[in-house]
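So this block is run.cif, mmCIF, C-alpha atoms and all ligand atoms:
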data_structure
#
loop_
_atom_site.label_atom_id
_atom_site.label_comp_id
_atom_site.auth_asym_id
_atom_site.auth_seq_id
_atom_site.Cartn_x
_atom_site.Cartn_y
_atom_site.Cartn_z
CA MET A 1 192.57 127.94 91.61
CA ALA A 2 192.62 125.25 94.25
CA THR A 3 189.62 122.99 94.36
CA THR A 4 188.73 120.38 96.93
CA THR A 5 189.29 117.03 95.27
CA VAL A 6 187.72 113.70 95.92
CA ASN A 7 191.10 112.39 97.10
CA GLU A 8 190.84 114.50 100.18
CA ASP A 9 190.01 112.31 103.13
CA ILE A 10 186.29 112.88 103.46
CA TYR A 11 186.04 110.55 106.39
CA ALA A 12 188.67 112.49 108.36
CA ALA A 13 186.80 115.74 107.62
CA VAL A 14 183.59 114.20 108.91
CA GLU A 15 185.36 113.02 112.07
CA ARG A 16 186.81 116.50 112.61
CA GLU A 17 183.32 117.98 112.42
CA LEU A 18 182.01 115.46 114.94
CA GLU A 19 184.73 116.48 117.42
CA ARG A 20 184.48 120.23 116.81
CA VAL A 21 183.13 122.18 119.80
CA SER A 22 183.93 125.77 118.80
CA TYR A 23 183.90 128.07 115.77
CA PRO A 24 186.89 127.15 113.53
CA GLY A 25 189.77 129.57 114.05
CA ASP A 26 190.78 129.52 110.38
CA PHE A 27 187.31 130.39 109.09
CA PRO A 28 186.09 134.00 108.77
CA ALA A 29 183.15 135.33 110.76
CA LEU A 30 180.24 135.48 108.32
CA PRO A 31 178.85 138.99 107.94
CA ASP A 32 175.15 139.74 108.35
CA MET A 33 173.42 139.20 105.01
CA PRO A 34 171.26 142.14 103.79
CA ALA A 35 167.63 141.03 103.54
CA SER A 36 167.25 143.56 100.71
CA ARG A 37 168.93 141.01 98.41
CA TYR A 38 165.76 138.94 98.82
CA ILE A 39 163.19 141.67 98.24
CA ASP A 40 164.62 144.52 96.14
CA PRO A 41 163.47 144.46 92.48
CA VAL A 42 166.80 146.09 91.54
CA TYR A 43 168.79 143.11 92.81
CA TYR A 44 166.26 140.71 91.30
CA ASP A 45 166.69 142.25 87.84
CA LEU A 46 170.49 142.10 88.18
CA GLU A 47 170.28 138.39 89.04
CA VAL A 48 168.12 137.56 86.07
CA GLN A 49 170.16 139.63 83.63
CA HIS A 50 173.69 138.74 84.78
CA VAL A 51 173.33 135.36 86.46
CA PHE A 52 170.43 133.40 84.99
CA LYS A 53 170.81 134.75 81.45
CA LYS A 54 174.55 133.99 81.46
CA THR A 55 174.98 130.74 83.41
CA TRP A 56 174.37 127.12 82.40
CA LEU A 57 170.83 126.18 83.42
CA ASN A 58 169.55 122.65 83.69
CA VAL A 59 166.37 122.26 81.65
CA GLY A 60 165.87 118.51 81.66
CA HIS A 61 167.35 115.06 81.20
CA VAL A 62 167.94 112.98 78.09
CA SER A 63 165.55 110.29 79.36
CA GLU A 64 162.70 112.78 78.86
CA LEU A 65 163.44 112.80 75.11
CA PRO A 66 163.69 109.06 74.43
CA LYS A 67 163.39 109.10 70.64
CA PRO A 68 163.97 111.36 67.61
CA GLY A 69 161.26 114.03 67.40
CA ALA A 70 160.63 113.99 71.15
CA TYR A 71 160.50 117.44 72.69
CA LYS A 72 159.77 119.20 75.95
CA LEU A 73 158.85 122.77 76.62
CA TRP A 74 160.89 124.61 79.27
CA GLU A 75 159.24 127.77 80.57
CA GLN A 76 160.98 129.78 83.30
CA LEU A 77 162.46 133.31 83.57
CA ASP A 78 159.89 134.62 81.07
CA GLU A 79 161.44 132.33 78.45
CA SER A 80 159.75 129.64 76.42
CA ILE A 81 162.25 127.12 75.06
CA ILE A 82 161.66 124.00 72.97
CA VAL A 83 164.18 121.26 73.83
CA SER A 84 164.07 118.79 70.98
CA ARG A 85 165.80 115.58 69.92
CA GLY A 86 166.38 115.80 66.18
CA THR A 87 166.13 112.95 63.70
CA ASP A 88 169.96 112.97 63.89
CA ASP A 89 169.64 112.21 67.64
CA VAL A 90 171.17 115.56 68.59
CA ILE A 91 169.42 117.47 71.36
CA ARG A 92 168.95 121.17 70.62
CA ALA A 93 167.18 124.11 72.22
CA PHE A 94 165.14 126.71 70.35
CA LYS A 95 163.20 129.81 71.27
CA ASN A 96 159.51 128.92 71.03
CA THR A 97 159.04 131.76 68.57
CA CYS A 98 157.84 131.53 64.98
CA ARG A 99 160.00 133.43 62.50
CA HIS A 100 156.90 134.83 60.74
CA ARG A 101 155.24 137.02 63.36
CA GLY A 102 156.39 135.45 66.58
CA ALA A 103 153.61 133.13 67.75
CA ALA A 104 154.54 130.25 70.07
CA LEU A 105 154.86 127.03 68.06
CA VAL A 106 154.41 124.63 70.92
CA THR A 107 152.01 124.78 73.85
CA LYS A 108 151.99 121.16 75.05
CA PRO A 109 154.59 120.50 77.80
CA THR A 110 155.93 117.36 76.07
CA GLY A 111 155.33 115.49 72.84
CA VAL A 112 156.74 113.85 69.74
CA ALA A 113 156.54 115.75 66.46
CA LYS A 114 157.89 115.38 62.93
CA ARG A 115 157.21 119.08 62.43
CA PHE A 116 156.56 122.06 64.66
CA VAL A 117 153.65 123.73 62.89
CA CYS A 118 152.80 127.25 63.95
CA PRO A 119 149.14 127.54 65.01
CA TYR A 120 148.91 131.08 63.55
CA HIS A 121 149.61 130.74 59.80
CA SER A 122 150.99 127.18 59.71
CA TRP A 123 154.66 127.72 58.99
CA GLY A 124 156.32 124.35 59.60
CA TYR A 125 159.75 123.65 61.16
CA SER A 126 161.72 120.41 61.43
CA ALA A 127 162.83 118.93 64.76
CA GLU A 128 166.28 120.35 63.86
CA GLY A 129 164.80 123.84 63.65
CA GLU A 130 164.83 124.42 59.87
CA LEU A 131 161.93 126.28 58.31
CA LYS A 132 160.48 123.67 55.95
CA SER A 133 157.08 124.86 54.78
CA VAL A 134 155.35 128.21 54.25
CA PRO A 135 151.75 128.18 52.99
CA GLU A 136 151.18 130.44 49.98
CA ALA A 137 154.89 131.26 49.84
CA HIS A 138 154.40 133.07 46.50
CA ASN A 139 152.82 135.97 48.39
CA PHE A 140 156.12 136.78 50.11
CA ALA A 141 158.70 138.76 48.15
CA CYS A 142 162.10 137.01 48.31
CA LEU A 143 161.44 134.70 51.29
CA ASN A 144 164.47 132.44 51.68
CA LYS A 145 163.49 129.64 54.07
CA ALA A 146 167.14 128.79 54.78
CA GLU A 147 167.58 132.25 56.33
CA ARG A 148 164.73 131.81 58.82
CA PRO A 149 165.41 128.79 61.04
CA LEU A 150 164.23 128.79 64.65
CA PHE A 151 166.43 130.85 66.98
CA GLN A 152 168.81 128.38 68.56
CA VAL A 153 170.02 128.60 72.15
CA ARG A 154 173.28 127.00 73.31
CA CYS A 155 172.57 123.50 74.55
CA GLU A 156 175.06 121.01 75.98
CA ILE A 157 174.77 117.76 77.93
CA TRP A 158 176.53 116.86 81.19
CA ARG A 159 176.26 113.19 82.11
CA GLY A 160 172.68 112.89 80.83
CA PHE A 161 171.48 116.29 82.09
CA ILE A 162 170.52 118.87 79.47
CA PHE A 163 171.69 122.45 80.02
CA ILE A 164 171.11 125.65 78.09
CA ASN A 165 172.89 128.99 78.18
CA PHE A 166 171.59 132.28 76.75
CA ASP A 167 175.13 133.67 76.61
CA ALA A 168 177.04 132.83 73.43
CA ASP A 169 180.32 133.70 75.20
CA ALA A 170 179.86 131.48 78.26
CA ILE A 171 182.51 128.84 79.06
CA LEU A 172 181.85 125.25 77.98
CA LEU A 173 179.42 123.32 80.16
CA ALA A 174 182.11 120.66 80.75
CA ASP A 175 184.41 123.34 82.22
CA PHE A 176 181.62 124.81 84.32
CA MET A 177 180.80 121.38 85.76
CA ALA A 178 184.43 120.20 86.14
CA PRO A 179 184.64 120.99 89.89
CA LEU A 180 181.57 118.79 90.48
CA ASP A 181 182.78 116.10 88.10
CA ALA A 182 185.88 115.75 90.25
CA GLN A 183 183.61 114.94 93.19
CA VAL A 184 180.92 112.69 91.74
CA GLY A 185 182.50 111.38 88.53
CA ASP A 186 182.21 107.81 89.84
CA PHE A 187 178.47 108.03 90.61
CA PRO A 188 176.63 106.37 87.70
CA LEU A 189 174.50 109.36 86.73
CA GLU A 190 174.32 108.10 83.13
CA LYS A 191 172.25 105.12 84.27
CA MET A 192 169.60 107.38 85.75
CA ALA A 193 166.24 108.33 84.30
CA VAL A 194 163.48 110.72 85.32
CA LYS A 195 160.92 108.88 87.47
CA GLY A 196 158.60 111.69 88.55
CA VAL A 197 158.35 115.47 88.79
CA LEU A 198 156.86 117.73 91.47
CA ARG A 199 156.30 121.42 90.90
CA THR A 200 155.81 123.80 93.83
CA GLU A 201 154.97 127.48 93.39
CA LEU A 202 155.74 129.66 96.39
CA ASP A 203 155.26 133.27 97.48
CA CYS A 204 158.87 134.01 98.29
CA ASN A 205 162.15 134.95 96.66
CA TRP A 206 163.91 132.03 94.96
CA LYS A 207 166.82 132.34 97.39
CA THR A 208 164.52 132.18 100.44
CA ALA A 209 163.60 128.68 99.28
CA TYR A 210 167.03 127.69 97.98
CA ASP A 211 168.83 128.62 101.23
CA ASN A 212 166.79 126.05 103.08
CA PHE A 213 168.31 123.19 101.09
CA LEU A 214 171.85 124.45 101.58
CA GLU A 215 172.17 123.80 105.29
CA ILE A 216 171.52 120.92 107.64
CA TYR A 217 170.86 123.16 110.66
CA HIS A 218 167.08 123.02 110.18
CA VAL A 219 166.83 119.26 109.80
CA SER A 220 166.55 118.34 113.48
CA SER A 221 163.71 120.87 113.93
CA VAL A 222 161.79 120.63 110.67
CA HIS A 223 162.35 116.98 109.74
CA ARG A 224 162.47 115.54 113.25
CA GLU A 225 160.56 112.42 112.30
CA THR A 226 161.51 112.02 108.64
CA ILE A 227 165.16 112.74 107.76
CA ALA A 228 166.68 113.56 111.15
CA PRO A 229 166.86 109.94 112.40
CA PHE A 230 168.95 109.01 109.34
CA LEU A 231 171.55 111.78 109.30
CA ASP A 232 174.19 112.82 111.80
CA SER A 233 173.82 116.55 111.28
CA LYS A 234 176.82 117.39 113.46
CA SER A 235 179.04 115.62 110.88
CA PHE A 236 178.01 117.98 108.03
CA VAL A 237 181.04 119.05 105.98
CA VAL A 238 180.80 121.88 103.45
CA SER A 239 183.50 121.97 100.76
CA PRO A 240 183.20 125.12 98.63
CA LEU A 241 184.11 124.51 94.98
CA ASP A 242 185.00 126.76 92.06
CA HIS A 243 182.27 128.38 89.92
CA GLY A 244 180.07 128.70 93.02
CA HIS A 245 179.36 125.00 93.45
CA ALA A 246 180.03 122.93 96.59
CA ARG A 247 180.02 119.44 98.00
CA PHE A 248 178.26 118.52 101.23
CA THR A 249 179.02 115.29 103.06
CA THR A 250 177.09 113.99 106.04
CA ARG A 251 177.43 110.71 107.89
CA LYS A 252 174.40 108.48 107.69
CA LYS A 253 173.17 107.04 110.94
CA ILE A 254 171.51 104.24 109.00
CA GLU A 255 172.85 103.10 105.64
CA GLY A 256 170.58 103.92 102.70
CA LEU A 257 168.32 106.85 103.46
CA TYR A 258 165.51 105.60 101.25
CA GLY A 259 166.38 101.96 100.83
CA SER A 260 169.34 99.70 100.27
CA GLY A 261 170.67 97.11 97.89
CA ALA A 262 170.74 99.37 94.83
CA MET A 263 174.09 99.54 93.06
CA ASP A 264 176.12 97.31 95.33
CA ASP A 265 179.30 98.09 93.39
CA LEU A 266 179.11 101.78 94.27
CA ASP A 267 181.97 103.46 96.15
CA GLU A 268 181.63 103.11 99.90
CA ARG A 269 181.30 106.87 100.46
CA TYR A 270 177.87 106.92 98.74
CA LYS A 271 176.65 104.32 101.21
CA SER A 272 177.97 105.45 104.58
CA LEU A 273 177.78 109.16 103.73
CA THR A 274 175.26 111.37 102.01
CA VAL A 275 177.15 113.15 99.24
CA ALA A 276 175.18 116.19 98.13
CA PHE A 277 175.99 119.02 95.80
CA PRO A 278 174.58 122.45 95.28
CA ARG A 279 175.15 123.53 91.69
CA PHE A 280 175.44 127.25 90.96
CA PRO A 281 173.20 129.12 90.57
CA ASN A 282 170.03 127.21 91.50
CA GLY A 283 170.44 123.43 91.73
CA PHE A 284 170.66 121.00 94.60
CA THR A 285 170.74 117.24 94.90
CA ALA A 286 171.75 114.66 97.51
CA LEU A 287 172.93 111.54 95.70
CA ASP A 288 171.56 108.23 96.88
CA PRO A 289 171.84 104.88 95.10
CA ALA A 290 168.18 104.16 95.80
CA GLY A 291 167.07 107.33 94.00
CA PHE A 292 167.39 111.05 94.55
CA ASN A 293 165.58 114.32 94.19
CA TRP A 294 167.25 116.63 91.64
CA MET A 295 165.98 120.09 92.56
CA ALA A 296 165.89 123.42 90.75
CA PHE A 297 164.86 126.79 92.21
CA TRP A 298 163.53 129.24 89.64
CA PRO A 299 162.94 132.98 90.14
CA ALA A 300 159.51 134.17 89.01
CA GLY A 301 159.58 137.69 90.46
CA PRO A 302 161.16 139.29 93.55
CA ASP A 303 158.71 137.40 95.78
CA LYS A 304 157.57 134.50 93.58
CA MET A 305 159.43 131.31 92.75
CA VAL A 306 158.98 127.72 91.58
CA ILE A 307 160.68 124.59 92.86
CA VAL A 308 160.95 121.79 90.30
CA SER A 309 161.79 118.49 92.00
CA THR A 310 162.77 115.75 89.57
CA MET A 311 162.99 112.21 90.91
CA MET A 312 165.95 110.38 89.41
CA GLY A 313 166.48 106.65 89.58
CA MET A 314 168.03 103.64 87.96
CA THR A 315 166.58 102.69 84.60
CA LYS A 316 164.78 99.44 85.30
CA ASP A 317 161.84 97.60 83.81
CA ASN A 318 158.49 99.30 83.76
CA SER A 319 156.96 96.69 86.03
CA GLU A 320 154.10 97.36 88.40
CA GLU A 321 156.53 96.95 91.29
CA ASP A 322 158.94 99.50 89.79
CA ARG A 323 156.16 102.02 89.23
CA ALA A 324 154.86 101.56 92.77
CA TYR A 325 158.38 102.12 94.15
CA TRP A 326 158.75 105.47 92.37
CA GLU A 327 155.23 106.56 93.25
CA GLU A 328 156.02 105.98 96.89
CA PHE A 329 159.44 107.62 96.53
CA THR A 330 157.90 110.73 94.93
CA ALA A 331 155.21 110.93 97.61
CA TYR A 332 157.87 110.69 100.34
CA GLN A 333 159.89 113.50 98.75
CA GLY A 334 156.69 115.57 98.54
CA LYS A 335 156.10 114.99 102.25
CA ILE A 336 159.61 116.18 103.17
CA LEU A 337 159.17 119.20 100.91
CA ASP A 338 155.87 120.04 102.60
CA GLU A 339 157.66 120.11 105.95
CA ASP A 340 159.99 122.80 104.57
CA VAL A 341 157.95 125.05 102.33
CA ASN A 342 155.36 126.49 104.70
CA LEU A 343 158.12 128.38 106.48
CA PHE A 344 159.36 130.29 103.45
CA PRO A 345 156.50 132.82 103.01
CA THR A 346 156.87 133.71 106.71
CA VAL A 347 160.59 134.38 106.19
CA GLN A 348 159.76 136.46 103.11
CA ARG A 349 157.15 138.49 105.01
CA SER A 350 159.62 139.33 107.79
CA MET A 351 162.06 140.65 105.20
CA ARG A 352 159.45 142.43 103.07
CA LYS A 353 158.01 144.30 106.06
CA GLY A 354 161.46 145.35 107.18
CA ASP A 355 161.11 143.50 110.47
CA LEU A 356 164.26 141.58 109.62
CA THR A 357 166.86 143.70 107.84
CA HIS A 358 169.71 141.17 108.02
CA LEU A 359 170.04 137.39 108.14
CA VAL A 360 172.56 135.72 110.45
CA LEU A 361 174.60 132.78 109.18
CA SER A 362 176.40 130.04 111.10
CA TYR A 363 179.42 127.98 110.05
CA GLN A 364 177.08 125.20 108.90
CA GLU A 365 175.21 127.73 106.72
CA GLN A 366 178.41 128.90 104.96
CA TYR A 367 177.34 127.77 101.49
CA ILE A 368 174.63 130.46 101.56
CA GLN A 369 177.43 133.03 101.88
CA TRP A 370 179.48 131.21 99.19
CA TYR A 371 176.81 131.27 96.49
CA HIS A 372 175.82 134.85 97.36
CA GLU A 373 179.46 135.88 96.83
CA HIS A 374 179.29 134.17 93.43
CA LEU A 375 176.04 135.93 92.56
CA ASP A 376 177.78 139.26 93.15
CA MET A 377 180.82 138.14 91.15
CA ALA A 378 178.59 137.11 88.24
CA ILE A 379 176.65 140.39 88.36
CA GLY A 380 179.83 142.46 88.66
CA ILE A 381 180.34 144.29 91.92
CA ASP A 382 180.28 147.72 90.27
CA ASN A 383 176.77 147.02 88.97
CA ILE A 384 175.42 146.48 92.51
CA PRO A 385 174.34 149.38 94.76
CA GLY A 386 176.52 149.36 97.90
CA HIS A 387 173.77 148.42 100.37
CA LEU A 388 172.91 145.30 98.34
CA ARG A 389 176.42 143.79 98.21
CA VAL A 390 177.88 141.02 100.36
CA ASP A 391 181.40 141.28 101.73
CA PRO A 392 183.20 138.37 99.98
CA VAL A 393 184.87 137.04 103.14
CA MET A 394 185.02 133.41 102.00
CA THR A 395 186.54 134.16 98.60
CA ARG A 396 189.10 136.38 100.32
CA ASN A 397 189.86 133.77 102.98
CA LEU A 398 190.41 131.03 100.40
CA GLY A 399 192.56 133.36 98.33
CA ARG A 400 190.47 132.85 95.20
S1 LIG B 1 153.27 133.68 63.32
FE1 LIG B 1 153.78 131.66 62.87
S2 LIG B 1 153.04 131.32 60.92
FE2 LIG B 1 152.52 133.35 61.31
FE FE B 2 164.45 120.58 104.71
#
Can you turn what I pasted into structure tokens?
Amino acid sequence: MATTTVNEDIYAAVERELERVSYPGDFPALPDMPASRYIDPVYYDLEVQHVFKKTWLNVGHVSELPKPGAYKLWEQLDESIIVSRGTDDVIRAFKNTCRHRGAALVTKPTGVAKRFVCPYHSWGYSAEGELKSVPEAHNFACLNKAERPLFQVRCEIWRGFIFINFDADAILLADFMAPLDAQVGDFPLEKMAVKGVLRTELDCNWKTAYDNFLEIYHVSSVHRETIAPFLDSKSFVVSPLDHGHARFTTRKKIEGLYGSGAMDDLDERYKSLTVAFPRFPNGFTALDPAGFNWMAFWPAGPDKMVIVSTMMGMTKDNSEEDRAYWEEFTAYQGKILDEDVNLFPTVQRSMRKGDLTHLVLSYQEQYIQWYHEHLDMAIGIDNIPGHLRVDPVMTRNLGR
């Protein structure tokens, strides 16, 4: 399959967008998108079962587990997962489920532990998931501790970001991320660390929120005084990538959206352009040398969702100045988010009430169509009732 590569002349593509005055002749008309995909519990269940339970999901970053024994709890999609750095320095993921009678071992969101000790009857597990201690073990007939380790979930790392997958047959994370690697392989993601986290719970479908971050069309209305002065929204280029990912490039009106001077040796395109990437199925980030907001959009019901915004930045000292910078950065990201989120429940209501049965998409909103086509592909078209499907016009047009 053909994939847009970083060698393509991004600058020429941006210039073409700036000159464009009509709908591109070689691009298909985007069909109306059924609003039922955002409200119907049938489609919601299909997404969870076939997309989220079978795709690589980002659950954290290695900087959150700085030493052996460090763990974090990841709780989304009705799952409770312990992500733990073992004494062998390997990061693993386990179901937060005791092998005795199923109690949750861990309730604190983060910590450092030599043992996970179940609060119910005190079975103890190592940071590598082995069952190590069972009080009054003589009362169990034939209990072999080696046969009862914690249930492990596939866990792989991409450039410092920790991913899990509930599907034992899924492709390797490296293969899944390869289309994005080809675009941002030269951005020093490995030097980044988590600097702050914001969590926003909203009364809307996860896609109602996600869609907002996948187009630039709203920026001049919603972010008139914050982002709009920095970005030339007319220059917005969408490059659809394999596995449902994409790259967005936008010309900056002013170099350094949030600051300047960081990473002077970085490729020019990260300075004069904003290079952003949506990651299938639920991630979005716009890279910036001065720091960026790594976002995840989690379903929590047909009309409930959670945005987790993780501030990523260069690992520096822990000086007062550094801390103040990231506090201010996080607050600024929160302010931009606030400008967006109040709209989403109103969108959801219009769909829920049936006042809006279909959404209309423009050329600049094409990634919404692209990831919806990939949702249907992941679910399997035959599993989806006809009225809930999208016509895969982009996949067809690109011959993929
Ligand atoms: S359920 Fe964990 S020790 Fe009994
Ligand atoms: Fe926005």
Set the cut-off to 6 Å, count all atoms listed in the file, and list whatever residues fall near ligand LIG 1 (chain B) as a VMD selection string. chain A and resid 98 100 to 103 118 120 to 123
Rank A:Tyr210, A:Trp158, A:Trp56, A:Phe187 by their smallest atom-to-atom distance to A:Lys271, using all atoms listed in the file, and report the top residue only.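 Residue with the minimum atom-to-atom distance to A:Lys271: A:Phe187.
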Please identify the residues whose atoms come within 9 Å of ligand FE 2 (chain B), using only C-alpha atoms and all ligand atoms, and report them as a JSON list (two decimals) with C-alpha atoms, in the coordinates of the input.
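Once everything was written out, this is pocket04.json:
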[["chain", "number", "residue", "atom", "x", "y", "z"],
["A", 212, "ASN", "CA", 166.79, 126.05, 103.08],
["A", 213, "PHE", "CA", 168.31, 123.19, 101.09],
["A", 214, "LEU", "CA", 171.85, 124.45, 101.58],
["A", 215, "GLU", "CA", 172.17, 123.80, 105.29],
["A", 216, "ILE", "CA", 171.52, 120.92, 107.64],
["A", 218, "HIS", "CA", 167.08, 123.02, 110.18],
["A", 219, "VAL", "CA", 166.83, 119.26, 109.80],
["A", 222, "VAL", "CA", 161.79, 120.63, 110.67],
["A", 223, "HIS", "CA", 162.35, 116.98, 109.74],
["A", 227, "ILE", "CA", 165.16, 112.74, 107.76],
["A", 336, "ILE", "CA", 159.61, 116.18, 103.17],
["A", 337, "LEU", "CA", 159.17, 119.20, 100.91],
["A", 338, "ASP", "CA", 155.87, 120.04, 102.60],
["A", 339, "GLU", "CA", 157.66, 120.11, 105.95],
["A", 340, "ASP", "CA", 159.99, 122.80, 104.57],
["A", 341, "VAL", "CA", 157.95, 125.05, 102.33]]
What is the distance, in Å and to one decimal place, between atom CA of A:Ala70 and atom CA of A:Lys114?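 Separating atom CA of A:Ala70 from atom CA of A:Lys114 is a distance of 8.8 Å.
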Kindly provide, as an MDAnalysis selection string, the polymer residues lying within 10 Å of (160.1, 107.2, 95.9), counting all atoms listed in the file and using the coordinates exactly as they appear in the file. chainID A and resid 195:196 258:259 290:293 311:313 322:334
Using only C-alpha atoms, find the one residue out of A:Leu105, A:Phe27, A:Glu225, A:Gly185 that sits nearest to A:Lys335. A:Glu225
Excluding same-chain residues fewer than 4 positions from A:Lys54, what lies within 10 Å of it counting all atoms listed in the file, as a PyMOL selection string? chain A and resi 47-50+164-171+378-379
Could you give me, as an MDAnalysis selection string, the residues that have an atom at most 8 Å away from the point (154.3, 121.4, 79.4) in the coordinates of the file, using only C-alpha atoms? chainID A and resid 72:74 107:110
Compile the contact shell of A:Ser362 as a PyMOL selection string: residues with an atom at most 10 Å away, counting all atoms listed in the file, same-chain residues fewer than 5 positions apart removed. chain A and resi 23+29-31+215+217+367-369
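Picture a line from atom CA of A:Ser63 to atom CA of A:Thr315; it runs 9.3 Å.
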Would you kindly return, as a ChimeraX atom specification, each protein, DNA or RNA residue with an atom no farther than 9 Å from any atom of A:Phe94, considering all atoms listed in the file and excluding same-chain residues fewer than 2 positions away? /A:80-84,92,96-97,129,150-154
Would you mind reading off the distance between atom CA of A:Leu77 and atom CA of A:Ala93, one decimal, in Å? 15.4 Å
Given only C-alpha atoms as the basis, pick out the residue of A:Arg389, A:His374, A:Arg352, A:Arg400 nearest to A:Ile39.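 Closest to A:Ile39, using only C-alpha atoms: A:Arg352.
Shortest separation to A:Tyr371 among A:Phe176, A:Phe140, A:Phe280, A:Tyr43 occurs at residue A:Phe280, atoms counted being all atoms listed in the file.
The smallest atom-to-atom distance between A:Ile157 and any of A:Glu128, A:Asp382, A:Glu190, A:Glu136, using all atoms listed in the file, is found for A:Glu190.
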Give me the residues near stretch 232-246 of chain A as a ChimeraX atom specification, where near means some atom within 7 Å (using all atoms listed in the file) and where sequence neighbours in that chain fewer than 3 positions away do not count. /A:3-4,13-15,17-18,176,179,216,249-253,277-280,370-371,374
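Using all atoms listed in the file for every distance, the candidate list A:Thr285, A:Asp45, A:Tyr363, A:Ile381 yields A:Tyr363 as the residue closest to A:Gly25.
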A:Leu46 surroundings by only C-alpha atoms, 10 Å radius, close-in-sequence under 6 positions cut, as a list in words: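 So, after excluding close chain neighbours, the residues are Phe52, Lys53, Leu375, Asp376, Ala378, Ile379, Gly380, Asn383 and Ile384 of chain A.
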Centre, edges in Å (one decimal): axis-aligned box, stretch 292-304 of chain A, 8 Å padding on all six sides, as lines of an AutoDock Vina configuration file:
center_x = 162.5
center_y = 125.2
center_z = 92.4
size_x = 25.8
size_y = 44.2
size_z = 22.8
